[in-house]
>>> print(open('target03.cif').read())   # mmCIF, C-alpha atoms
data_protein
loop_
_atom_site.label_atom_id
_atom_site.label_comp_id
_atom_site.auth_asym_id
_atom_site.auth_seq_id
_atom_site.Cartn_x
_atom_site.Cartn_y
_atom_site.Cartn_z
CA MET A 1 -192.00 14.56 -37.85
CA SER A 2 -192.79 12.44 -34.77
CA SER A 3 -196.40 11.30 -34.77
CA TYR A 4 -196.64 10.61 -31.06
CA ARG A 5 -198.57 13.22 -29.05
CA PHE A 6 -198.12 13.57 -25.33
CA SER A 7 -201.26 13.52 -23.20
CA PRO A 8 -201.93 16.18 -20.54
CA ALA A 9 -201.00 13.65 -17.83
CA GLU A 10 -197.70 12.86 -19.57
CA LEU A 11 -196.90 16.55 -19.99
CA GLN A 12 -197.54 17.07 -16.27
CA GLN A 13 -195.20 14.19 -15.49
CA LEU A 14 -192.48 15.59 -17.75
CA TYR A 15 -192.90 18.98 -16.10
CA ARG A 16 -192.34 17.37 -12.69
CA TYR A 17 -189.25 15.66 -14.05
CA ALA A 18 -187.92 19.03 -15.26
CA CYS A 19 -188.66 20.50 -11.81
CA ALA A 20 -186.81 17.60 -10.19
CA ILE A 21 -183.61 18.04 -12.16
CA LEU A 22 -183.69 21.83 -11.85
CA GLY A 23 -184.61 21.76 -8.17
CA THR A 24 -187.13 24.55 -8.76
CA GLN A 25 -190.21 25.30 -10.85
CA GLN A 26 -188.50 28.35 -12.26
CA ASP A 27 -187.36 27.64 -15.84
CA ALA A 28 -188.91 24.14 -15.78
CA TYR A 29 -191.64 25.18 -18.21
CA ASP A 30 -189.14 26.69 -20.65
CA LEU A 31 -187.04 23.54 -20.47
CA LEU A 32 -190.07 21.36 -21.19
CA GLN A 33 -191.29 23.59 -23.99
CA SER A 34 -187.94 23.64 -25.80
CA GLY A 35 -187.61 19.88 -25.30
CA LEU A 36 -191.06 19.28 -26.77
CA GLU A 37 -190.28 21.48 -29.76
CA LYS A 38 -187.10 19.53 -30.39
CA TYR A 39 -188.98 16.25 -30.10
CA LEU A 40 -191.71 17.30 -32.50
CA LYS A 41 -189.28 18.46 -35.16
CA GLN A 42 -187.68 15.03 -35.38
CA ASN A 43 -188.52 12.57 -38.08
CA LYS A 44 -187.91 9.53 -35.93
CA GLU A 45 -190.40 7.45 -34.00
CA HIS A 46 -189.33 6.24 -30.57
CA SER A 47 -190.39 3.09 -28.79
CA ASN A 48 -190.52 4.92 -25.45
CA PRO A 49 -191.35 8.59 -26.12
CA MET A 50 -191.45 9.47 -22.40
CA ALA A 51 -187.94 8.12 -21.78
CA TYR A 52 -186.72 9.86 -24.92
CA MET A 53 -188.27 13.17 -23.85
CA ARG A 54 -186.61 12.88 -20.46
CA THR A 55 -183.27 12.40 -22.22
CA ILE A 56 -183.88 15.50 -24.36
CA ILE A 57 -184.80 17.54 -21.28
CA ARG A 58 -181.82 16.24 -19.35
CA ASN A 59 -179.33 16.95 -22.15
CA ALA A 60 -180.74 20.44 -22.68
CA HIS A 61 -180.35 21.12 -18.98
CA ILE A 62 -176.77 19.83 -18.89
CA ASP A 63 -175.87 21.89 -21.96
CA LYS A 64 -177.27 25.00 -20.33
CA VAL A 65 -175.49 24.34 -17.06
CA ARG A 66 -172.20 23.90 -18.86
CA HIS A 67 -172.82 26.90 -21.05
CA ASP A 68 -173.68 29.14 -18.12
CA ALA A 69 -170.89 27.60 -16.05
CA LEU A 70 -173.32 27.13 -13.19
CA ILE A 71 -171.66 24.91 -10.68
CA ASN A 72 -174.15 24.68 -7.86
CA TRP A 73 -176.38 22.05 -9.39
CA ASP A 74 -174.37 19.15 -8.27
CA ASP A 75 -172.37 18.05 -5.34
CA TYR A 76 -170.20 15.36 -6.78
CA ASP A 77 -167.99 13.37 -4.51
CA ASP A 78 -165.67 10.48 -5.14
CA GLU A 79 -167.64 7.31 -5.53
CA GLN A 80 -167.62 5.37 -2.32
CA SER A 81 -167.29 1.63 -2.21
CA VAL A 82 -170.69 0.11 -1.77
CA SER A 83 -171.53 -3.41 -0.84
CA ALA A 84 -172.91 -5.53 -3.63
CA ASP A 85 -176.22 -6.13 -1.91
CA LEU A 86 -177.00 -2.43 -1.44
CA ASN A 87 -180.12 -1.54 -3.36
CA TRP A 88 -183.38 0.29 -3.01
CA ASN A 89 -184.46 -2.07 -0.21
CA ALA A 90 -181.80 -0.49 1.97
CA ILE A 91 -183.44 2.89 1.66
CA GLU A 92 -187.06 1.81 1.32
CA GLN A 93 -187.11 0.68 4.93
CA LEU A 94 -186.62 4.27 6.10
CA ALA A 95 -189.65 6.30 7.11
CA ILE A 96 -189.84 10.09 6.96
CA ASP A 97 -192.58 12.68 7.23
CA GLN A 98 -193.53 15.21 4.54
CA ASP A 99 -191.49 18.06 6.02
CA GLU A 100 -188.44 15.82 6.07
CA ALA A 101 -189.05 14.79 2.45
CA GLN A 102 -189.13 18.45 1.48
CA HIS A 103 -185.96 19.08 3.48
CA TYR A 104 -184.04 16.20 1.90
CA ILE A 105 -185.14 17.06 -1.62
CA ALA A 106 -183.91 20.62 -1.09
CA GLN A 107 -180.56 19.25 0.07
CA MET A 108 -180.12 16.84 -2.82
CA SER A 109 -177.92 17.56 -5.81
CA GLY A 110 -179.49 17.62 -9.28
CA ILE A 111 -178.43 14.08 -10.08
CA GLU A 112 -179.70 12.78 -6.74
CA ARG A 113 -183.11 14.39 -7.28
CA GLU A 114 -183.22 12.89 -10.74
CA ILE A 115 -182.43 9.42 -9.44
CA MET A 116 -185.03 9.75 -6.69
CA PHE A 117 -187.63 10.97 -9.19
CA LEU A 118 -187.07 8.00 -11.48
CA TRP A 119 -187.26 5.65 -8.53
CA ALA A 120 -190.05 7.13 -6.44
CA VAL A 121 -192.28 8.69 -9.10
CA GLU A 122 -191.58 6.58 -12.19
CA GLY A 123 -191.05 3.36 -10.24
CA TYR A 124 -187.77 2.39 -11.92
CA SER A 125 -185.37 -0.25 -10.59
CA THR A 126 -181.68 0.52 -10.00
CA ALA A 127 -180.74 -1.05 -13.33
CA GLU A 128 -183.43 0.93 -15.16
CA VAL A 129 -182.31 4.18 -13.53
CA ALA A 130 -178.70 3.46 -14.54
CA GLN A 131 -179.81 2.70 -18.09
CA GLN A 132 -181.95 5.83 -18.37
CA LEU A 133 -179.13 8.03 -17.05
CA ASN A 134 -176.44 6.20 -18.98
CA MET A 135 -174.33 5.74 -15.89
CA PRO A 136 -172.83 2.68 -14.19
CA LYS A 137 -175.14 0.90 -11.76
CA ASN A 138 -172.50 1.36 -9.04
CA THR A 139 -172.78 5.12 -9.39
CA VAL A 140 -176.53 4.92 -8.82
CA LEU A 141 -175.94 2.71 -5.80
CA SER A 142 -173.42 5.18 -4.42
CA ARG A 143 -175.99 7.98 -4.58
CA ILE A 144 -178.52 5.83 -2.76
CA TYR A 145 -175.94 4.96 -0.16
CA ARG A 146 -175.15 8.63 0.37
CA LEU A 147 -178.77 9.63 0.73
CA ARG A 148 -179.39 6.85 3.20
CA GLN A 149 -176.39 8.04 5.22
CA LYS A 150 -177.73 11.60 5.19
CA ILE A 151 -181.08 10.47 6.51
CA LYS A 152 -179.51 8.21 9.11
CA ASP A 153 -177.16 10.96 10.33
CA ASN A 154 -180.02 13.39 10.48
CA THR A 155 -182.16 10.98 12.48
CA ALA A 156 -179.29 10.29 14.87
CA GLN A 157 -178.71 14.03 15.40
CA LYS A 158 -182.38 14.54 16.16
CA ARG A 159 -182.28 11.73 18.71
CA GLU A 160 -179.26 13.29 20.41
CA VAL A 161 -180.94 16.68 20.58
CA SER A 162 -184.08 15.11 21.93
CA CYS A 163 -182.11 13.22 24.64
CA GLU A 164 -180.22 16.38 25.64
CA GLU A 165 -183.48 18.29 25.96
CA LYS A 166 -184.92 15.59 28.23
CA HIS A 167 -181.87 15.74 30.48
CA MET B 1 -196.87 11.56 10.19
CA LYS B 2 -193.99 9.39 9.04
CA LYS B 3 -194.47 7.35 5.88
CA ASN B 4 -192.41 5.10 3.73
CA ILE B 5 -189.66 7.26 2.19
CA LYS B 6 -190.68 6.37 -1.36
CA ASP B 7 -194.25 7.54 -0.79
CA SER B 8 -193.08 10.73 0.93
CA LEU B 9 -190.67 11.60 -1.89
CA LYS B 10 -193.27 10.74 -4.51
CA GLN B 11 -195.86 12.95 -2.88
CA GLU B 12 -193.42 15.82 -2.64
CA MET B 13 -192.08 15.47 -6.17
CA GLN B 14 -195.55 15.32 -7.64
CA GLN B 15 -196.49 18.70 -6.21
CA PRO B 16 -195.44 20.87 -9.17
CA THR B 17 -198.21 21.20 -11.75
CA LEU B 18 -198.50 23.05 -15.02
CA ASP B 19 -201.22 25.64 -14.89
CA ASP B 20 -204.04 25.52 -17.46
CA LYS B 21 -202.46 28.13 -19.68
CA GLN B 22 -199.10 26.39 -19.80
CA LEU B 23 -200.68 23.00 -20.41
CA GLN B 24 -202.83 24.35 -23.23
CA ALA B 25 -199.81 25.98 -24.86
CA LEU B 26 -197.98 22.64 -24.88
CA LEU B 27 -201.00 20.81 -26.26
CA ASP B 28 -201.35 23.47 -28.95
CA MET B 29 -197.72 22.95 -29.90
CA GLN B 30 -198.61 19.40 -30.82
CA SER B 31 -201.50 20.44 -33.03
CA THR B 32 -201.13 19.99 -36.78
CA GLU B 33 -201.13 23.72 -37.64
CA GLN B 34 -198.28 24.55 -35.32
CA LEU B 35 -196.31 21.55 -36.49
CA VAL B 36 -196.62 22.73 -40.08
CA GLU B 37 -195.21 26.09 -38.98
CA LEU B 38 -192.37 24.43 -37.13
CA THR B 39 -191.44 22.11 -39.98
CA GLY B 40 -191.96 24.84 -42.62
CA ALA B 41 -189.43 27.03 -40.88
CA ARG B 42 -187.28 23.98 -40.52
CA GLN B 43 -187.29 23.25 -44.24
CA TYR B 44 -186.11 26.79 -44.98
CA TRP B 45 -183.33 26.51 -42.46
CA GLN B 46 -182.45 23.07 -43.73
CA LYS B 47 -181.84 24.44 -47.22
CA PHE B 48 -179.83 27.33 -45.86
CA SER B 49 -177.83 25.22 -43.46
CA THR B 50 -177.13 22.54 -46.10
CA ALA B 51 -175.47 25.13 -48.31
CA ALA B 52 -173.53 26.53 -45.35
CA LEU B 53 -172.52 23.05 -44.29
CA LEU B 54 -171.21 22.20 -47.75
CA LEU B 55 -169.03 25.29 -47.74
CA LEU B 56 -167.84 24.53 -44.24
CA MET B 57 -166.98 20.95 -45.13
CA LEU B 58 -165.10 22.09 -48.19
CA GLY B 59 -163.04 24.49 -46.08
CA LEU B 60 -162.55 21.91 -43.37
CA GLY B 61 -161.42 19.37 -45.94
CA PHE B 62 -158.68 21.67 -47.13
CA TRP B 63 -157.68 22.44 -43.59
CA LEU B 64 -157.58 18.84 -42.50
CA GLY B 65 -155.72 17.80 -45.61
CA GLY B 66 -153.12 20.44 -45.09
CA TYR B 67 -152.56 20.68 -41.41
CA GLN B 68 -154.15 17.88 -39.49
CA GLN B 69 -153.43 14.22 -39.29
CA GLN B 70 -156.20 11.71 -38.80
CA ALA B 71 -156.04 8.98 -36.19
CA ASP B 72 -154.87 5.79 -37.93
CA ASP B 73 -156.38 3.56 -35.29
CA LYS B 74 -160.15 4.01 -35.20
CA SER B 75 -160.67 1.77 -32.15
CA ILE B 76 -161.79 3.47 -28.93
CA PRO B 77 -158.30 3.18 -27.32
CA GLY B 78 -156.75 4.40 -30.59
CA LEU B 79 -158.99 7.46 -30.77
CA ILE B 80 -158.38 8.21 -27.09
CA ALA B 81 -154.60 7.93 -27.56
CA PHE B 82 -154.71 10.21 -30.59
CA GLU B 83 -156.64 12.93 -28.76
CA VAL B 84 -154.64 12.75 -25.53
CA VAL B 85 -151.24 12.65 -27.25
CA ASN B 86 -152.16 15.61 -29.45
CA ASN B 87 -153.10 17.65 -26.39
CA HIS B 88 -150.06 16.43 -24.49
CA LEU B 89 -147.84 17.71 -27.29
CA LYS B 90 -149.65 21.05 -27.42
CA ASP B 91 -148.69 21.50 -23.75
CA LYS B 92 -151.20 24.30 -23.19
CA PRO B 93 -150.82 26.42 -20.03
CA MET B 94 -152.49 25.11 -16.91
CA ASP B 95 -155.48 26.92 -15.43
CA VAL B 96 -154.34 26.03 -11.94
CA SER B 97 -150.90 25.24 -10.53
CA THR B 98 -150.83 22.87 -7.61
CA LYS B 99 -148.90 20.02 -6.09
CA THR B 100 -151.83 18.32 -4.37
CA PHE B 101 -154.97 16.49 -5.48
CA ALA B 102 -156.90 18.23 -2.72
CA GLN B 103 -156.32 21.57 -4.45
CA LEU B 104 -157.10 20.07 -7.83
CA GLN B 105 -160.41 18.83 -6.45
CA GLY B 106 -161.12 22.33 -5.21
CA TYR B 107 -160.56 23.65 -8.72
CA PHE B 108 -162.43 21.07 -10.82
CA THR B 109 -165.87 21.78 -9.42
CA GLN B 110 -167.69 21.66 -12.75
CA LEU B 111 -166.95 18.03 -13.48
CA GLU B 112 -169.29 15.24 -12.54
CA PHE B 113 -166.61 13.67 -10.36
CA LYS B 114 -163.65 14.86 -8.33
CA PRO B 115 -160.24 14.01 -9.78
CA PHE B 116 -158.42 11.64 -7.50
CA ASN B 117 -155.10 9.91 -7.07
CA SER B 118 -155.17 6.49 -8.69
CA SER B 119 -153.48 3.50 -7.17
CA LEU B 120 -151.63 3.15 -10.49
CA TRP B 121 -150.38 6.71 -10.68
CA ASN B 122 -147.21 8.19 -9.26
CA GLY B 123 -145.70 11.60 -9.91
CA ASN B 124 -145.27 15.20 -8.88
CA LEU B 125 -148.22 17.37 -9.84
CA ILE B 126 -147.75 20.57 -11.81
CA GLY B 127 -151.36 21.64 -12.32
CA GLY B 128 -154.51 21.11 -14.33
CA ARG B 129 -156.94 22.57 -16.82
CA TYR B 130 -160.43 21.79 -18.07
CA CYS B 131 -160.48 19.82 -21.27
CA SER B 132 -162.60 17.18 -22.98
CA LEU B 133 -162.03 13.65 -24.10
CA ARG B 134 -164.32 12.25 -26.80
CA THR B 135 -166.60 15.22 -25.97
CA SER B 136 -166.77 14.22 -22.30
CA PRO B 137 -165.69 17.06 -19.94
CA SER B 138 -162.36 16.11 -18.41
CA ALA B 139 -159.54 17.12 -16.12
CA GLN B 140 -156.25 17.44 -17.99
CA ILE B 141 -153.56 17.11 -15.35
CA ARG B 142 -149.88 17.78 -15.94
CA TYR B 143 -147.15 16.25 -13.78
CA PHE B 144 -143.52 15.12 -13.69
CA ASP B 145 -143.01 11.37 -13.59
CA GLU B 146 -140.35 9.58 -11.57
CA LYS B 147 -137.74 10.31 -14.26
CA GLY B 148 -138.61 14.01 -14.27
CA VAL B 149 -140.37 13.80 -17.65
CA LYS B 150 -143.43 15.97 -18.09
CA GLN B 151 -146.54 13.82 -18.60
CA THR B 152 -150.27 14.34 -19.04
CA LEU B 153 -152.98 12.52 -17.12
CA TYR B 154 -156.61 12.69 -18.22
CA GLN B 155 -159.52 11.89 -15.97
CA THR B 156 -163.08 11.84 -17.21
CA GLU B 157 -166.35 10.25 -16.17
CA TYR B 158 -166.94 6.82 -17.67
CA SER B 159 -169.86 6.38 -20.06
CA ASP B 160 -170.73 3.37 -22.19
CA GLN B 161 -171.33 5.63 -25.14
CA TYR B 162 -167.71 6.77 -25.44
CA PHE B 163 -165.61 4.40 -23.39
CA SER B 164 -167.14 0.94 -23.62
CA GLY B 165 -164.78 -2.00 -23.40
CA LEU B 166 -162.04 -0.26 -21.43
CA PRO B 167 -160.55 -2.34 -18.59
CA GLU B 168 -162.04 -1.73 -15.15
CA LEU B 169 -159.65 -2.21 -12.25
CA GLU B 170 -162.46 -3.19 -9.88
CA SER B 171 -163.40 -6.05 -12.22
CA GLY B 172 -159.83 -7.30 -12.35
CA GLY B 173 -158.94 -5.50 -15.60
CA GLN B 174 -155.41 -4.33 -16.31
CA PRO B 175 -154.51 -1.02 -18.01
CA LEU B 176 -154.19 -1.31 -21.76
CA LEU B 177 -151.62 0.44 -23.89
CA ALA B 178 -152.31 2.40 -27.05
CA SER B 179 -150.14 4.84 -28.93
CA ALA B 180 -150.21 7.79 -31.29
CA LYS B 181 -147.39 9.77 -32.85
CA GLY B 182 -144.86 7.51 -31.16
CA ILE B 183 -146.13 8.16 -27.63
CA GLU B 184 -147.77 5.43 -25.60
CA VAL B 185 -150.67 5.98 -23.26
CA SER B 186 -151.97 3.76 -20.52
CA ILE B 187 -155.78 3.55 -20.24
CA TRP B 188 -157.94 2.16 -17.47
CA VAL B 189 -161.20 2.73 -15.58
CA GLU B 190 -161.18 3.15 -11.82
CA LYS B 191 -164.19 3.96 -9.62
CA GLY B 192 -166.23 5.00 -12.64
CA VAL B 193 -163.54 7.37 -13.93
CA VAL B 194 -161.52 6.85 -17.12
CA PHE B 195 -157.79 7.44 -16.68
CA VAL B 196 -155.44 8.09 -19.60
CA ASP B 197 -151.81 8.54 -18.73
CA THR B 198 -149.08 9.42 -21.22
CA LEU B 199 -145.83 7.49 -21.09
CA ALA B 200 -143.61 9.89 -23.01
CA ASP B 201 -139.87 9.24 -22.98
CA GLU B 202 -138.89 12.87 -23.02
#
>>> encode(input="target03.cif", output="structure tokens")
Amino acid sequence: MSSYRFSPAELQQLYRYACAILGTQQDAYDLLQSGLEKYLKQNKEHSNPMAYMRTIIRNAHIDKVRHDALINWDDYDDEQSVSADLNWNAIEQLAIDQDEAQHYIAQMSGIEREIMFLWAVEGYSTAEVAQQLNMPKNTVLSRIYRLRQKIKDNTAQKREVSCEEKH
Amino acid sequence: MKKNIKDSLKQEMQQPTLDDKQLQALLDMQSTEQLVELTGARQYWQKFSTAALLLLMLGLGFWLGGYQQQADDKSIPGLIAFEVVNNHLKDKPMDVSTKTFAQLQGYFTQLEFKPFNSSLWNGNLIGGRYCSLRTSPSAQIRYFDEKGVKQTLYQTEYSDQYFSGLPELESGGQPLLASAKGIEVSIWVEKGVVFVDTLADE
């Protein structure tokens, strides 16, 4: 059985991760609880228990989504071509207020929220996010590109509305 | 007040918090007593499931020996070819009939990508059905090639775990050929999606 024990702070962080991939607090506790049970029953020790727990939670979520045939958790599009130099810097320069953050998170697909959580909350780099999610780095970059476009489009729309109101 | 996007997202994503009761329950789960209960139950189920597994393997052994053929080539392309060719030969009915990729995309909403027309593919679509390739959820697409022969095209999301080493078009790779049961398949990766296309003669 695994000897590592998660601290209250780590459990809170894992709960937030579960909330991020689900997009809601509903069911996040159950997901975390079943993930923890699975972790504890294992005989292996892991070099990074937090990363391993996130993988357990993620896989359990994906299994459930597939089992229940829920299709609204993701909005997958064809990968767009992204320039090689696109990275977090491209999005980090953007500034938004708290209401906007809430709005964008609500609009994100499950995978986008997960990527943003690993980046913003866990402080991962693009390569680390790709490694944790077992997906090509280009896919991660495409998601970033898409989110940046959403924010830019939204900002542009707001400007237009604001100009029209002035006139 | 506007803030750096990272800080705004972080603040928002850190809002959810376990309440005291939930947190205590999770901490209790990690206590020694509860772990003994968990592993005690586990040992019982292990004994039971080992016996069941032995029986299952015995039955499966007979079944495989009698009816199934194993893939001769255990390389990744070989295993892919074996699985795709087997399913091509089964020719199961399509879940959706369509002549356009746009309609296929509308149907395959549960995949982590939208099936698309590759630059290397040419044919007249018949339809598609959900399937899996090396356990990865996939689109199994049926079409007629230029000679009017019915072919099968698989598309599935690339992952290092199951598809490492396959040629990526974007990196200058060329499709590789593998075969099973006398049917060749062409395999390549394009825009993060693995393509497997049968090249059946008839």
>>> resolve_selection(input="target03.cif", expression="the PyMOL selection byres ((chain B and resi 5-12) around 8)", output="PyMOL selection string")
(chain A and resi 91-98+101-102+105+116-117+119-121) or (chain B and resi 3-4+13-15)
>>> atom_distance(input="target03.cif", atom1="atom CA of B:Leu104", atom2="atom CA of B:Leu125")
9.5 Å
>>> residues_near_point(input="target03.cif", point="(-146.7, 9.1, -29.1)", cutoff="8 Å", atoms="only C-alpha atoms", output="PyMOL selection string")
chain B and resi 85+179-185+200
>>> closest_atom_pairs(input="target03.cif", of="chain B", to="chain A", cutoff="9 Å", atoms="all atoms listed in the file", output="tab-separated table")
residue	atom	partner	partner_atom	distance
B:Met1	CA	A:Asp97	CA	5.3
B:Lys2	CA	A:Asp97	CA	4.0
B:Lys3	CA	A:Ala95	CA	5.1
B:Asn4	CA	A:Ala95	CA	4.5
B:Ile5	CA	A:Ala95	CA	5.0
B:Lys6	CA	A:Ala120	CA	5.2
B:Asp7	CA	A:Ala120	CA	7.1
B:Ser8	CA	A:Gln98	CA	5.8
B:Leu9	CA	A:Ala101	CA	5.6
B:Lys10	CA	A:Val121	CA	5.1
B:Gln11	CA	A:Gln98	CA	8.1
B:Glu12	CA	A:Gln102	CA	6.5
B:Met13	CA	A:Arg16	CA	6.8
B:Gln14	CA	A:Arg16	CA	6.3
B:Gln15	CA	A:Arg16	CA	7.8
B:Pro16	CA	A:Arg16	CA	5.9
B:Thr17	CA	A:Gln12	CA	6.2
B:Leu18	CA	A:Gln12	CA	6.2
B:Gln22	CA	A:Tyr29	CA	7.7
B:Leu23	CA	A:Pro8	CA	6.9
B:Gln24	CA	A:Pro8	CA	8.6
B:Ala25	CA	A:Gln33	CA	8.9
B:Leu26	CA	A:Gln33	CA	6.8
B:Leu27	CA	A:Pro8	CA	7.4
B:Met29	CA	A:Glu37	CA	7.6
B:Gln30	CA	A:Arg5	CA	6.4
B:Ser31	CA	A:Arg5	CA	8.7
B:Leu35	CA	A:Leu40	CA	7.4
B:Leu38	CA	A:Lys41	CA	7.0
B:Thr39	CA	A:Lys41	CA	6.4
B:Arg42	CA	A:Lys41	CA	7.9
B:Thr109	CA	A:Ile71	CA	6.7
B:Gln110	CA	A:Ile71	CA	5.5
B:Leu111	CA	A:Tyr76	CA	7.9
B:Glu112	CA	A:Tyr76	CA	5.8
B:Phe113	CA	A:Tyr76	CA	5.3
B:Lys114	CA	A:Asp78	CA	5.8
B:Pro115	CA	A:Asp78	CA	8.0
B:Phe116	CA	A:Asp78	CA	7.7
B:Tyr158	CA	A:Met135	CA	7.7
B:Ser159	CA	A:Met135	CA	6.1
B:Asp160	CA	A:Asn134	CA	7.1
B:Gln161	CA	A:Asn134	CA	8.0
B:Lys191	CA	A:Glu79	CA	6.3
B:Gly192	CA	A:Pro136	CA	7.2
>>> atom_distance(input="target03.cif", atom1="atom CA of A:Thr55", atom2="atom CA of B:Asp28")
22.2 Å
>>> atom_distance(input="target03.cif", atom1="atom CA of B:Gln103", atom2="atom CA of B:Arg129")
12.4 Å
>>> residues_around(input="target03.cif", residues="stretch 143-156 of chain B", least_positions_apart="2", cutoff="9 Å", atoms="all atoms listed in the file", output="MDAnalysis selection string")
chainID B and resid 84:85 87:88 91 99 111:113 115:116 122:128 131:133 136:141 158 192:202
>>> closest_residue(input="target03.cif", among="A:Ser142, A:Asn48, A:Asn43, A:Asp27", to="A:Ala60", atoms="only C-alpha atoms")
A:Asp27
>>> closest_residue(input="target03.cif", among="A:Ser47, A:Ser109, A:Ser125, A:Gln132", to="A:Arg146", atoms="only C-alpha atoms")
A:Ser109
